[in-house]
file data_11.txt (compact mmCIF, C-alpha atoms and all ligand atoms)
# COMPACT_ATOMS: atom_id res chain seq x y z
CA MET A 723 -1.03 -50.99 -0.24
CA ALA A 724 1.24 -53.90 0.84
CA ALA A 725 -0.06 -55.83 3.84
CA ALA A 726 1.66 -55.34 7.20
CA PRO A 727 3.72 -58.44 8.05
CA LYS A 728 2.25 -60.94 10.47
CA ALA A 729 5.33 -63.15 10.69
CA ARG A 730 8.53 -62.37 12.60
CA ARG A 731 10.78 -64.52 10.44
CA LEU A 732 13.94 -62.50 11.11
CA GLU A 733 13.99 -62.42 14.90
CA GLY A 734 17.57 -62.21 16.21
CA LYS A 735 19.06 -61.42 12.78
CA VAL A 736 21.32 -58.45 12.01
CA ALA A 737 20.58 -56.75 8.69
CA ILE A 738 22.46 -54.05 6.81
CA VAL A 739 20.63 -52.18 4.03
CA THR A 740 22.58 -49.62 1.99
CA ALA A 741 20.94 -46.43 0.73
CA SER A 742 18.14 -47.01 3.21
CA THR A 743 17.06 -43.58 4.43
CA ASP A 744 14.42 -43.13 1.72
CA GLY A 745 12.52 -44.92 -1.02
CA ILE A 746 12.87 -48.66 -1.60
CA GLY A 747 15.81 -49.06 0.81
CA PHE A 748 13.89 -47.42 3.66
CA SER A 749 10.88 -49.67 3.05
CA ILE A 750 13.15 -52.73 3.01
CA ALA A 751 14.81 -51.67 6.28
CA ARG A 752 11.43 -51.07 7.90
CA ARG A 753 10.07 -54.45 6.75
CA LEU A 754 13.14 -56.41 7.91
CA GLY A 755 12.82 -54.59 11.26
CA GLN A 756 9.09 -55.35 11.47
CA GLU A 757 9.97 -59.01 11.01
CA GLY A 758 12.30 -58.87 14.02
CA ALA A 759 15.76 -58.03 12.63
CA HIS A 760 18.04 -55.36 14.06
CA VAL A 761 18.49 -53.11 11.01
CA VAL A 762 21.43 -50.87 10.22
CA VAL A 763 20.34 -48.01 7.97
CA SER A 764 22.77 -45.85 6.04
CA SER A 765 23.14 -43.27 3.29
CA ARG A 766 25.39 -40.34 2.37
CA LYS A 767 23.78 -37.61 4.49
CA GLU A 768 23.87 -37.66 8.28
CA ASN A 769 20.57 -35.79 8.68
CA ASN A 770 18.83 -38.39 6.49
CA VAL A 771 20.34 -41.19 8.58
CA ASN A 772 19.19 -39.55 11.84
CA LYS A 773 15.70 -38.98 10.47
CA ALA A 774 15.34 -42.59 9.31
CA VAL A 775 16.69 -43.98 12.60
CA ASN A 776 14.30 -41.80 14.64
CA GLN A 777 11.33 -42.76 12.48
CA LEU A 778 12.03 -46.51 12.72
CA LYS A 779 12.72 -46.26 16.48
CA SER A 780 9.37 -44.54 16.95
CA GLU A 781 7.77 -47.57 15.25
CA GLY A 782 9.39 -49.94 17.77
CA ILE A 783 12.03 -51.27 15.38
CA LYS A 784 15.52 -52.22 16.59
CA VAL A 785 17.68 -49.90 14.51
CA SER A 786 21.02 -48.15 14.33
CA GLY A 787 22.43 -45.98 11.59
CA MET A 788 25.57 -44.58 10.09
CA VAL A 789 26.73 -42.48 7.18
CA CYS A 790 27.93 -44.61 4.27
CA HIS A 791 28.55 -43.33 0.77
CA VAL A 792 29.03 -46.70 -0.90
CA ALA A 793 31.70 -45.42 -3.31
CA LYS A 794 33.99 -44.49 -0.37
CA GLU A 795 36.17 -47.30 0.88
CA GLU A 796 36.48 -45.96 4.44
CA HIS A 797 32.68 -45.64 4.68
CA ARG A 798 32.18 -49.21 3.42
CA LYS A 799 34.71 -50.61 5.91
CA ARG A 800 33.16 -48.64 8.77
CA LEU A 801 29.64 -49.84 7.91
CA ILE A 802 30.66 -53.50 8.00
CA ASN A 803 33.16 -53.33 10.88
CA SER A 804 31.09 -51.24 13.27
CA THR A 805 28.02 -53.39 12.64
CA VAL A 806 30.05 -56.46 13.60
CA GLU A 807 31.51 -54.68 16.65
CA GLN A 808 28.14 -53.40 17.86
CA GLN A 809 25.81 -56.25 16.86
CA GLY A 810 28.16 -59.25 16.94
CA GLY A 811 27.88 -60.21 13.26
CA ILE A 812 25.91 -59.87 10.04
CA ASP A 813 23.11 -62.17 8.81
CA ILE A 814 21.52 -60.12 6.04
CA PHE A 815 23.07 -57.69 3.58
CA VAL A 816 20.94 -55.75 1.09
CA SER A 817 22.81 -53.76 -1.57
CA ASN A 818 20.42 -51.06 -2.70
CA ALA A 819 22.51 -47.99 -3.62
CA ALA A 820 22.64 -46.81 -7.21
CA VAL A 821 23.22 -43.64 -9.20
CA ASN A 822 22.24 -42.41 -12.60
CA PRO A 823 24.02 -39.12 -13.35
CA VAL A 824 23.11 -38.87 -17.07
CA TYR A 825 20.08 -38.96 -19.34
CA GLY A 826 20.38 -39.19 -23.10
CA PRO A 827 21.47 -41.47 -25.93
CA ILE A 828 23.96 -44.10 -24.76
CA LEU A 829 26.56 -43.09 -27.36
CA ASP A 830 26.73 -39.65 -25.71
CA THR A 831 27.56 -41.05 -22.25
CA PRO A 832 30.80 -39.42 -21.05
CA GLU A 833 33.52 -41.69 -19.67
CA GLU A 834 33.29 -40.08 -16.18
CA ALA A 835 29.58 -40.90 -16.01
CA TRP A 836 30.26 -44.47 -17.13
CA ASP A 837 32.93 -44.79 -14.39
CA LYS A 838 30.69 -43.31 -11.68
CA ILE A 839 27.76 -45.57 -12.58
CA PHE A 840 29.89 -48.70 -12.53
CA ASP A 841 31.82 -47.67 -9.37
CA VAL A 842 28.66 -47.09 -7.34
CA ASN A 843 26.20 -49.58 -8.84
CA VAL A 844 28.47 -52.56 -9.51
CA LYS A 845 31.95 -52.30 -7.96
CA ALA A 846 30.83 -50.98 -4.55
CA THR A 847 28.14 -53.67 -4.45
CA PHE A 848 30.77 -56.36 -4.98
CA LEU A 849 33.24 -54.88 -2.46
CA LEU A 850 30.60 -54.53 0.26
CA ILE A 851 29.37 -58.07 -0.33
CA LYS A 852 32.94 -59.38 -0.19
CA ASP A 853 33.43 -57.81 3.26
CA ALA A 854 29.99 -58.88 4.51
CA VAL A 855 30.70 -62.48 3.45
CA THR A 856 33.92 -62.49 5.51
CA HIS A 857 31.72 -62.15 8.60
CA MET A 858 28.68 -64.17 7.45
CA LYS A 859 30.84 -67.20 6.78
CA LYS A 860 31.90 -67.29 10.44
CA ARG A 861 28.22 -67.96 11.24
CA GLY A 862 27.94 -70.45 8.36
CA SER A 863 24.80 -68.71 7.10
CA GLY A 864 23.56 -65.50 5.57
CA SER A 865 21.37 -63.95 2.94
CA ILE A 866 22.35 -61.28 0.44
CA VAL A 867 19.97 -59.36 -1.82
CA ILE A 868 21.18 -57.17 -4.68
CA VAL A 869 18.72 -54.53 -5.89
CA SER A 870 18.92 -54.23 -9.67
CA SER A 871 16.12 -53.08 -12.02
CA VAL A 872 13.87 -54.26 -14.84
CA GLY A 873 15.98 -51.78 -16.83
CA GLY A 874 18.69 -54.43 -16.68
CA TYR A 875 16.45 -56.70 -18.77
CA VAL A 876 14.82 -54.06 -20.95
CA PRO A 877 17.31 -51.17 -21.21
CA SER A 878 15.71 -47.76 -21.26
CA GLU A 879 17.00 -45.76 -24.20
CA LEU A 880 17.74 -42.62 -22.21
CA ILE A 881 19.47 -44.35 -19.30
CA GLY A 882 21.59 -46.83 -21.21
CA ALA A 883 24.70 -47.03 -19.03
CA TYR A 884 22.59 -47.29 -15.84
CA SER A 885 20.60 -50.11 -17.46
CA VAL A 886 23.79 -51.97 -18.40
CA SER A 887 25.07 -51.61 -14.81
CA LYS A 888 21.87 -53.28 -13.63
CA THR A 889 22.34 -56.11 -16.17
CA ALA A 890 25.80 -56.58 -14.64
CA LEU A 891 24.13 -57.12 -11.25
CA PHE A 892 22.18 -60.11 -12.61
CA GLY A 893 25.57 -61.56 -13.58
CA LEU A 894 27.06 -60.69 -10.19
CA THR A 895 24.16 -62.43 -8.42
CA LYS A 896 24.69 -65.59 -10.50
CA ALA A 897 28.48 -65.45 -10.23
CA LEU A 898 28.46 -65.14 -6.43
CA ALA A 899 25.82 -67.80 -5.77
CA PRO A 900 27.87 -71.06 -6.06
CA GLN A 901 30.86 -69.95 -3.96
CA CYS A 902 28.60 -68.36 -1.34
CA ALA A 903 26.34 -71.45 -1.24
CA ARG A 904 29.34 -73.49 -0.13
CA LEU A 905 29.65 -71.07 2.82
CA GLY A 906 25.95 -71.40 3.69
CA ILE A 907 25.12 -67.98 2.20
CA ARG A 908 22.40 -67.31 -0.39
CA VAL A 909 22.63 -64.47 -2.93
CA ASN A 910 19.52 -63.27 -4.73
CA GLY A 911 18.31 -60.16 -6.50
CA LEU A 912 15.33 -57.85 -6.64
CA ALA A 913 14.50 -56.18 -9.96
CA PRO A 914 11.93 -53.44 -9.32
CA GLY A 915 9.83 -51.96 -12.11
CA LEU A 916 8.51 -48.42 -11.90
CA ILE A 917 8.28 -47.66 -8.17
CA LYS A 918 7.10 -44.36 -6.71
CA THR A 919 10.24 -42.79 -5.18
CA LYS A 920 12.30 -39.60 -5.65
CA PHE A 921 14.64 -41.50 -7.98
CA SER A 922 11.85 -42.13 -10.50
CA GLU A 923 10.01 -38.83 -9.96
CA ALA A 924 10.44 -37.68 -13.56
CA LEU A 925 8.42 -40.69 -14.68
CA TRP A 926 5.44 -40.25 -12.36
CA SER A 927 5.17 -36.54 -11.45
CA ASN A 928 3.78 -35.85 -14.91
CA GLU A 929 0.35 -37.52 -15.24
CA LYS A 930 0.71 -38.05 -19.02
CA ALA A 931 4.14 -39.74 -18.70
CA LEU A 932 2.86 -41.92 -15.86
CA LYS A 933 -0.14 -43.08 -17.90
CA GLN A 934 2.16 -43.83 -20.84
CA SER A 935 4.61 -45.89 -18.78
CA THR A 936 1.99 -47.91 -16.89
CA LYS A 937 -0.78 -48.51 -19.43
CA MET A 938 0.87 -51.59 -20.98
CA LEU A 939 1.47 -53.25 -17.61
CA PRO A 940 -0.84 -56.11 -16.55
CA ILE A 941 -1.11 -54.31 -13.18
CA ALA A 942 -1.58 -50.92 -14.81
CA ARG A 943 -0.27 -48.62 -12.08
CA ILE A 944 2.99 -47.52 -10.47
CA GLY A 945 4.38 -49.76 -7.68
CA LEU A 946 5.12 -48.70 -4.12
CA PRO A 947 8.34 -49.21 -2.14
CA ASP A 948 6.53 -51.44 0.38
CA GLU A 949 5.64 -53.79 -2.48
CA CYS A 950 9.38 -54.40 -3.01
CA ALA A 951 10.10 -54.84 0.70
CA GLY A 952 7.98 -57.98 1.16
CA ALA A 953 9.86 -59.73 -1.65
CA VAL A 954 13.19 -58.89 -0.02
CA ALA A 955 11.99 -60.10 3.40
CA PHE A 956 10.99 -63.41 1.76
CA LEU A 957 14.43 -63.75 0.12
CA CYS A 958 16.13 -63.04 3.48
CA SER A 959 13.99 -65.49 5.42
CA ASP A 960 13.92 -69.24 5.91
CA ASP A 961 10.94 -69.35 3.52
CA SER A 962 13.47 -69.23 0.67
CA THR A 963 16.18 -71.62 1.89
CA TYR A 964 16.38 -73.43 -1.49
CA ILE A 965 16.58 -70.27 -3.60
CA THR A 966 19.88 -68.73 -4.65
CA GLY A 967 21.25 -66.96 -7.74
CA GLU A 968 17.75 -65.77 -8.68
CA THR A 969 16.42 -62.30 -9.32
CA MET A 970 12.80 -61.63 -8.38
CA ILE A 971 11.01 -59.18 -10.65
CA VAL A 972 8.56 -56.87 -8.89
CA ALA A 973 7.22 -54.89 -11.81
CA GLY A 974 3.47 -55.25 -12.16
CA GLY A 975 3.79 -58.17 -14.56
CA MET A 976 6.05 -56.40 -17.06
CA THR A 977 7.68 -58.84 -19.48
CA ALA A 978 11.35 -58.70 -18.56
CA ARG A 979 13.97 -61.09 -19.87
CA LEU A 980 17.38 -60.87 -21.47
P1 LIG B 1001 15.47 -42.97 -3.75
O1 LIG B 1001 14.07 -42.99 -3.26
O2 LIG B 1001 15.92 -41.80 -4.53
O3 LIG B 1001 16.42 -43.22 -2.49
C1 LIG B 1001 17.75 -43.20 -2.65
C2 LIG B 1001 18.43 -43.50 -1.30
O4 LIG B 1001 19.78 -43.75 -1.60
C3 LIG B 1001 18.41 -42.36 -0.31
O5 LIG B 1001 18.31 -42.90 1.00
C4 LIG B 1001 19.78 -41.69 -0.54
O6 LIG B 1001 20.13 -41.01 0.66
C5 LIG B 1001 20.63 -42.94 -0.81
N1 LIG B 1001 21.84 -42.79 -1.62
C6 LIG B 1001 21.97 -42.20 -2.82
N2 LIG B 1001 23.23 -42.34 -3.29
C7 LIG B 1001 23.91 -43.06 -2.37
C8 LIG B 1001 25.25 -43.54 -2.26
N3 LIG B 1001 26.16 -43.27 -3.21
N4 LIG B 1001 25.60 -44.25 -1.17
C9 LIG B 1001 24.71 -44.52 -0.20
N5 LIG B 1001 23.43 -44.08 -0.25
C10 LIG B 1001 23.05 -43.37 -1.30
O7 LIG B 1001 15.79 -44.25 -4.70
P2 LIG B 1001 14.97 -45.59 -4.96
O8 LIG B 1001 14.06 -45.38 -6.10
O9 LIG B 1001 14.44 -46.12 -3.70
O10 LIG B 1001 16.14 -46.54 -5.51
C11 LIG B 1001 16.70 -47.57 -4.73
C12 LIG B 1001 17.22 -48.65 -5.66
O11 LIG B 1001 16.14 -49.17 -6.45
C13 LIG B 1001 18.30 -48.21 -6.63
O12 LIG B 1001 19.24 -49.26 -6.75
C14 LIG B 1001 17.55 -48.06 -7.94
O13 LIG B 1001 18.38 -48.26 -9.05
C15 LIG B 1001 16.53 -49.19 -7.81
N6 LIG B 1001 15.38 -49.06 -8.67
C16 LIG B 1001 14.47 -48.06 -8.48
C17 LIG B 1001 13.35 -48.00 -9.33
C18 LIG B 1001 12.28 -46.95 -9.17
O14 LIG B 1001 11.38 -46.88 -10.04
N7 LIG B 1001 12.29 -46.16 -8.14
C19 LIG B 1001 13.19 -48.93 -10.36
C20 LIG B 1001 14.15 -49.92 -10.51
C21 LIG B 1001 15.23 -49.98 -9.67
P3 LIG B 1001 21.29 -39.85 0.69
O15 LIG B 1001 20.87 -38.79 -0.24
O16 LIG B 1001 21.33 -39.43 2.14
O17 LIG B 1001 22.54 -40.55 0.28
call {"tool": "encode", "arguments": {"input": "data_11.txt", "output": "structure tokens", "more": "lines below"}}
Ligand code: NAP
result
Amino acid sequence: MAAAPKARRLEGKVAIVTASTDGIGFSIARRLGQEGAHVVVSSRKENNVNKAVNQLKSEGIKVSGMVCHVAKEEHRKRLINSTVEQQGGIDIFVSNAAVNPVYGPILDTPEEAWDKIFDVNVKATFLLIKDAVTHMKKRGSGSIVIVSSVGGYVPSELIGAYSVSKTALFGLTKALAPQCARLGIRVNGLAPGLIKTKFSEALWSNEKALKQSTKMLPIARIGLPDECAGAVAFLCSDDSTYITGETMIVAGGMTARL
């Protein structure tokens, strides 16, 4: 669906993408690699990491991979430190990992679920960015993209706490932008709408539910991971050098505002 890139805007760059062995993260990693970056893919399961690395290698992409469960401090440190050791630095960091362990009315959300959602979706994002910035600032440049969701603008009733965690990421993007700009680093966001991945399977595997959730969209269909990846490549490239603190909505024209 999305066009193959013609430009190689990221030649010589080193890019880390979290949660990048499947879905949107995998498409982002592939696109950054197609544009010339060395990409570091990661996720919780070693076999998924190996599979993603082998696939991207077979496509001629410069890639390495490692296990990183973003809620684990030692995994986060290893992801950042070994990338710097092996690749000499970091130019691009894409925070893509998120969880949603509960469905149901927000008032029924147990405290443990609330903690898990905020630990993975918000706190780990901040802590990884903090460590990535330590290295980016040595180069005096860098680009960070935080993957949130249209749910952060228009909370879904059955995934309330997850939606609020995504709203927090809009705030994190804005809050980081000024300090990072002074270091030469831009921080932007991507807010996907309904995208065809495992994460959203419940919304598209049933034809009736899919029709219901897409019929009001100006582009009345589900989006594809590759359609998110091009937006991220733009935000990581020198085509967006005067853009920071913004979140790009890739949601088929859905009205999404706070
Ligand atoms: P997905 O297809 O289910 O892929 C999830 C990826 O994340 C896998 O590679 C998984 O690999 C990895 N992962 C899961 N938990 C992780 C953790 N704690 N640490 C590191 N990696 C982890 O999901 P997706 O739909 O692409 O979602 C990606 C992002 O887009 C999320 O932030 C999500 O909130 C956002 N989003 C998605 C949609 C949508 O409709 N799909 C809409 C809006 C926003 P392992 O199992 O090996 O860890």
call {"tool": "residues_near_ligand", "arguments": {"input": "data_11.txt", "ligand": "ligand LIG 1001 (chain B)", "cutoff": "6 Å", "atoms": "all atoms listed in the file", "output": "mmCIF file with C-alpha atoms, in the coordinates of the input"}}
result
data_model
loop_
_atom_site.group_PDB
_atom_site.id
_atom_site.type_symbol
_atom_site.label_atom_id
_atom_site.label_comp_id
_atom_site.auth_asym_id
_atom_site.auth_seq_id
_atom_site.Cartn_x
_atom_site.Cartn_y
_atom_site.Cartn_z
ATOM 1 C CA THR A 740 22.580 -49.620 1.990
ATOM 2 C CA ALA A 741 20.940 -46.430 0.730
ATOM 3 C CA SER A 742 18.140 -47.010 3.210
ATOM 4 C CA THR A 743 17.060 -43.580 4.430
ATOM 5 C CA ASP A 744 14.420 -43.130 1.720
ATOM 6 C CA GLY A 745 12.520 -44.920 -1.020
ATOM 7 C CA ILE A 746 12.870 -48.660 -1.600
ATOM 8 C CA GLY A 747 15.810 -49.060 0.810
ATOM 9 C CA SER A 765 23.140 -43.270 3.290
ATOM 10 C CA ARG A 766 25.390 -40.340 2.370
ATOM 11 C CA LYS A 767 23.780 -37.610 4.490
ATOM 12 C CA ASN A 770 18.830 -38.390 6.490
ATOM 13 C CA CYS A 790 27.930 -44.610 4.270
ATOM 14 C CA HIS A 791 28.550 -43.330 0.770
ATOM 15 C CA VAL A 792 29.030 -46.700 -0.900
ATOM 16 C CA ALA A 793 31.700 -45.420 -3.310
ATOM 17 C CA ASN A 818 20.420 -51.060 -2.700
ATOM 18 C CA ALA A 819 22.510 -47.990 -3.620
ATOM 19 C CA ALA A 820 22.640 -46.810 -7.210
ATOM 20 C CA VAL A 869 18.720 -54.530 -5.890
ATOM 21 C CA SER A 870 18.920 -54.230 -9.670
ATOM 22 C CA SER A 871 16.120 -53.080 -12.020
ATOM 23 C CA PRO A 914 11.930 -53.440 -9.320
ATOM 24 C CA GLY A 915 9.830 -51.960 -12.110
ATOM 25 C CA LEU A 916 8.510 -48.420 -11.900
ATOM 26 C CA ILE A 917 8.280 -47.660 -8.170
ATOM 27 C CA LYS A 918 7.100 -44.360 -6.710
ATOM 28 C CA THR A 919 10.240 -42.790 -5.180
ATOM 29 C CA LYS A 920 12.300 -39.600 -5.650
ATOM 30 C CA PHE A 921 14.640 -41.500 -7.980
ATOM 31 C CA SER A 922 11.850 -42.130 -10.500
#
call {"tool": "atom_distance", "arguments": {"input": "data_11.txt", "atom1": "CA of Ser764 in chain A", "atom2": "CA of Leu732 in chain A"}}
result
19.5 Å
call {"tool": "residues_around", "arguments": {"input": "data_11.txt", "residues": "range 888-891 of chain A", "least_positions_apart": "2", "cutoff": "10 Å", "atoms": "all atoms listed in the file", "output": "PDB file with C-alpha atoms, in the frame of the given file"}}
result
ATOM      1  CA  ALA A 820      22.640 -46.810  -7.210  1.00  0.00           C
ATOM      2  CA  ILE A 839      27.760 -45.570 -12.580  1.00  0.00           C
ATOM      3  CA  PHE A 840      29.890 -48.700 -12.530  1.00  0.00           C
ATOM      4  CA  ASN A 843      26.200 -49.580  -8.840  1.00  0.00           C
ATOM      5  CA  VAL A 844      28.470 -52.560  -9.510  1.00  0.00           C
ATOM      6  CA  LYS A 845      31.950 -52.300  -7.960  1.00  0.00           C
ATOM      7  CA  THR A 847      28.140 -53.670  -4.450  1.00  0.00           C
ATOM      8  CA  PHE A 848      30.770 -56.360  -4.980  1.00  0.00           C
ATOM      9  CA  ILE A 868      21.180 -57.170  -4.680  1.00  0.00           C
ATOM     10  CA  VAL A 869      18.720 -54.530  -5.890  1.00  0.00           C
ATOM     11  CA  SER A 870      18.920 -54.230  -9.670  1.00  0.00           C
ATOM     12  CA  SER A 871      16.120 -53.080 -12.020  1.00  0.00           C
ATOM     13  CA  VAL A 872      13.870 -54.260 -14.840  1.00  0.00           C
ATOM     14  CA  GLY A 873      15.980 -51.780 -16.830  1.00  0.00           C
ATOM     15  CA  GLY A 874      18.690 -54.430 -16.680  1.00  0.00           C
ATOM     16  CA  TYR A 875      16.450 -56.700 -18.770  1.00  0.00           C
ATOM     17  CA  VAL A 876      14.820 -54.060 -20.950  1.00  0.00           C
ATOM     18  CA  PRO A 877      17.310 -51.170 -21.210  1.00  0.00           C
ATOM     19  CA  GLY A 882      21.590 -46.830 -21.210  1.00  0.00           C
ATOM     20  CA  ALA A 883      24.700 -47.030 -19.030  1.00  0.00           C
ATOM     21  CA  TYR A 884      22.590 -47.290 -15.840  1.00  0.00           C
ATOM     22  CA  SER A 885      20.600 -50.110 -17.460  1.00  0.00           C
ATOM     23  CA  VAL A 886      23.790 -51.970 -18.400  1.00  0.00           C
ATOM     24  CA  GLY A 893      25.570 -61.560 -13.580  1.00  0.00           C
ATOM     25  CA  LEU A 894      27.060 -60.690 -10.190  1.00  0.00           C
ATOM     26  CA  THR A 895      24.160 -62.430  -8.420  1.00  0.00           C
ATOM     27  CA  LYS A 896      24.690 -65.590 -10.500  1.00  0.00           C
ATOM     28  CA  ALA A 897      28.480 -65.450 -10.230  1.00  0.00           C
ATOM     29  CA  GLY A 911      18.310 -60.160  -6.500  1.00  0.00           C
ATOM     30  CA  LEU A 912      15.330 -57.850  -6.640  1.00  0.00           C
ATOM     31  CA  ALA A 913      14.500 -56.180  -9.960  1.00  0.00           C
ATOM     32  CA  THR A 969      16.420 -62.300  -9.320  1.00  0.00           C
ATOM     33  CA  LEU A 980      17.380 -60.870 -21.470  1.00  0.00           C
TER      34      LEU A 980
END
call {"tool": "closest_residue", "arguments": {"input": "data_11.txt", "among": "A:Asp813, A:Ala942, A:Gln756, A:Gly975", "to": "Lys860 in chain A", "atoms": "all atoms listed in the file"}}
result
A:Asp813
call {"tool": "residues_near_point", "arguments": {"input": "data_11.txt", "point": "(22.6, -57.0, -0.7)", "cutoff": "6 Å", "atoms": "only C-alpha atoms", "output": "count of residues only"}}
result
6
call {"tool": "residues_around", "arguments": {"input": "data_11.txt", "residues": "Val762 in chain A", "least_positions_apart": "5", "cutoff": "6 Å", "atoms": "all atoms listed in the file", "output": "PDB file with C-alpha atoms, in the coordinates of the input"}}
result
ATOM      1  CA  ILE A 738      22.460 -54.050   6.810  1.00  0.00           C
ATOM      2  CA  VAL A 785      17.680 -49.900  14.510  1.00  0.00           C
ATOM      3  CA  SER A 786      21.020 -48.150  14.330  1.00  0.00           C
ATOM      4  CA  GLY A 787      22.430 -45.980  11.590  1.00  0.00           C
TER       5      GLY A 787
END
call {"tool": "closest_residue", "arguments": {"input": "data_11.txt", "among": "A:Ile828, A:Ala924, A:Leu939, A:Leu946", "to": "Ser878 in chain A", "atoms": "only C-alpha atoms"}}
result
A:Ile828
call {"tool": "residues_around", "arguments": {"input": "data_11.txt", "residues": "range 960-965 of chain A", "least_positions_apart": "5", "cutoff": "8 Å", "atoms": "all atoms listed in the file", "output": "ChimeraX atom specification"}}
result
/A:731,908,910
call {"tool": "closest_residue", "arguments": {"input": "data_11.txt", "among": "A:Ile881, A:Leu850, A:Leu778, A:Val736", "to": "Ser863 in chain A", "atoms": "only C-alpha atoms"}}
result
A:Val736
call {"tool": "atom_distance", "arguments": {"input": "data_11.txt", "atom1": "CA of His797 in chain A", "atom2": "CA of Val954 in chain A"}}
result
24.0 Å
call {"tool": "closest_residue", "arguments": {"input": "data_11.txt", "among": "A:Ile907, A:Leu932, A:Met938, A:Ala854", "to": "Lys799 in chain A", "atoms": "all atoms listed in the file"}}
result
A:Ala854
call {"tool": "closest_residue", "arguments": {"input": "data_11.txt", "among": "A:Val824, A:Ala774, A:Glu757, A:Ala751", "to": "Ala726 in chain A", "atoms": "all atoms listed in the file"}}
result
A:Glu757
call {"tool": "atom_distance", "arguments": {"input": "data_11.txt", "atom1": "CA of Phe892 in chain A", "atom2": "CA of Val909 in chain A"}}
result
10.6 Å
call {"tool": "build_atoms", "arguments": {"input": "data_11.txt", "residues": "range 900-905 of chain A", "atoms": "all heavy atoms", "output": "PDB file, in the frame of the given file"}}
result
ATOM      1  N   PRO A 900      27.284 -69.746  -6.385  1.00  0.00           N
ATOM      2  CA  PRO A 900      27.870 -71.060  -6.060  1.00  0.00           C
ATOM      3  C   PRO A 900      28.896 -70.992  -4.924  1.00  0.00           C
ATOM      4  O   PRO A 900      28.846 -71.787  -3.987  1.00  0.00           O
ATOM      5  CB  PRO A 900      28.538 -71.487  -7.371  1.00  0.00           C
ATOM      6  CG  PRO A 900      27.906 -70.650  -8.426  1.00  0.00           C
ATOM      7  CD  PRO A 900      27.532 -69.360  -7.780  1.00  0.00           C
ATOM      8  N   GLN A 901      29.823 -70.039  -4.997  1.00  0.00           N
ATOM      9  CA  GLN A 901      30.860 -69.950  -3.960  1.00  0.00           C
ATOM     10  C   GLN A 901      30.233 -69.629  -2.594  1.00  0.00           C
ATOM     11  O   GLN A 901      30.620 -70.199  -1.574  1.00  0.00           O
ATOM     12  CB  GLN A 901      31.887 -68.877  -4.340  1.00  0.00           C
ATOM     13  CG  GLN A 901      33.183 -69.020  -3.570  1.00  0.00           C
ATOM     14  CD  GLN A 901      34.212 -67.939  -3.931  1.00  0.00           C
ATOM     15  OE1 GLN A 901      34.036 -67.173  -4.871  1.00  0.00           O
ATOM     16  NE2 GLN A 901      35.283 -67.879  -3.168  1.00  0.00           N
ATOM     17  N   CYS A 902      29.255 -68.716  -2.600  1.00  0.00           N
ATOM     18  CA  CYS A 902      28.600 -68.360  -1.340  1.00  0.00           C
ATOM     19  C   CYS A 902      27.776 -69.534  -0.808  1.00  0.00           C
ATOM     20  O   CYS A 902      27.707 -69.731   0.414  1.00  0.00           O
ATOM     21  CB  CYS A 902      27.730 -67.120  -1.532  1.00  0.00           C
ATOM     22  SG  CYS A 902      28.719 -65.633  -1.725  1.00  0.00           S
ATOM     23  N   ALA A 903      27.163 -70.303  -1.694  1.00  0.00           N
ATOM     24  CA  ALA A 903      26.340 -71.450  -1.240  1.00  0.00           C
ATOM     25  C   ALA A 903      27.201 -72.419  -0.437  1.00  0.00           C
ATOM     26  O   ALA A 903      26.748 -72.975   0.563  1.00  0.00           O
ATOM     27  CB  ALA A 903      25.713 -72.155  -2.436  1.00  0.00           C
ATOM     28  N   ARG A 904      28.436 -72.582  -0.858  1.00  0.00           N
ATOM     29  CA  ARG A 904      29.340 -73.490  -0.130  1.00  0.00           C
ATOM     30  C   ARG A 904      29.673 -72.968   1.270  1.00  0.00           C
ATOM     31  O   ARG A 904      30.149 -73.695   2.120  1.00  0.00           O
ATOM     32  CB  ARG A 904      30.607 -73.756  -0.957  1.00  0.00           C
ATOM     33  CG  ARG A 904      30.306 -74.575  -2.228  1.00  0.00           C
ATOM     34  CD  ARG A 904      31.586 -75.095  -2.879  1.00  0.00           C
ATOM     35  NE  ARG A 904      32.349 -74.044  -3.536  1.00  0.00           N
ATOM     36  CZ  ARG A 904      32.120 -73.580  -4.775  1.00  0.00           C
ATOM     37  NH1 ARG A 904      31.160 -74.098  -5.512  1.00  0.00           N
ATOM     38  NH2 ARG A 904      32.858 -72.618  -5.282  1.00  0.00           N
ATOM     39  N   LEU A 905      29.422 -71.672   1.492  1.00  0.00           N
ATOM     40  CA  LEU A 905      29.650 -71.070   2.820  1.00  0.00           C
ATOM     41  C   LEU A 905      28.351 -70.962   3.608  1.00  0.00           C
ATOM     42  O   LEU A 905      28.315 -70.388   4.697  1.00  0.00           O
ATOM     43  CB  LEU A 905      30.268 -69.671   2.644  1.00  0.00           C
ATOM     44  CG  LEU A 905      31.575 -69.594   1.849  1.00  0.00           C
ATOM     45  CD1 LEU A 905      31.929 -68.138   1.544  1.00  0.00           C
ATOM     46  CD2 LEU A 905      32.704 -70.272   2.613  1.00  0.00           C
TER      47      LEU A 905
END
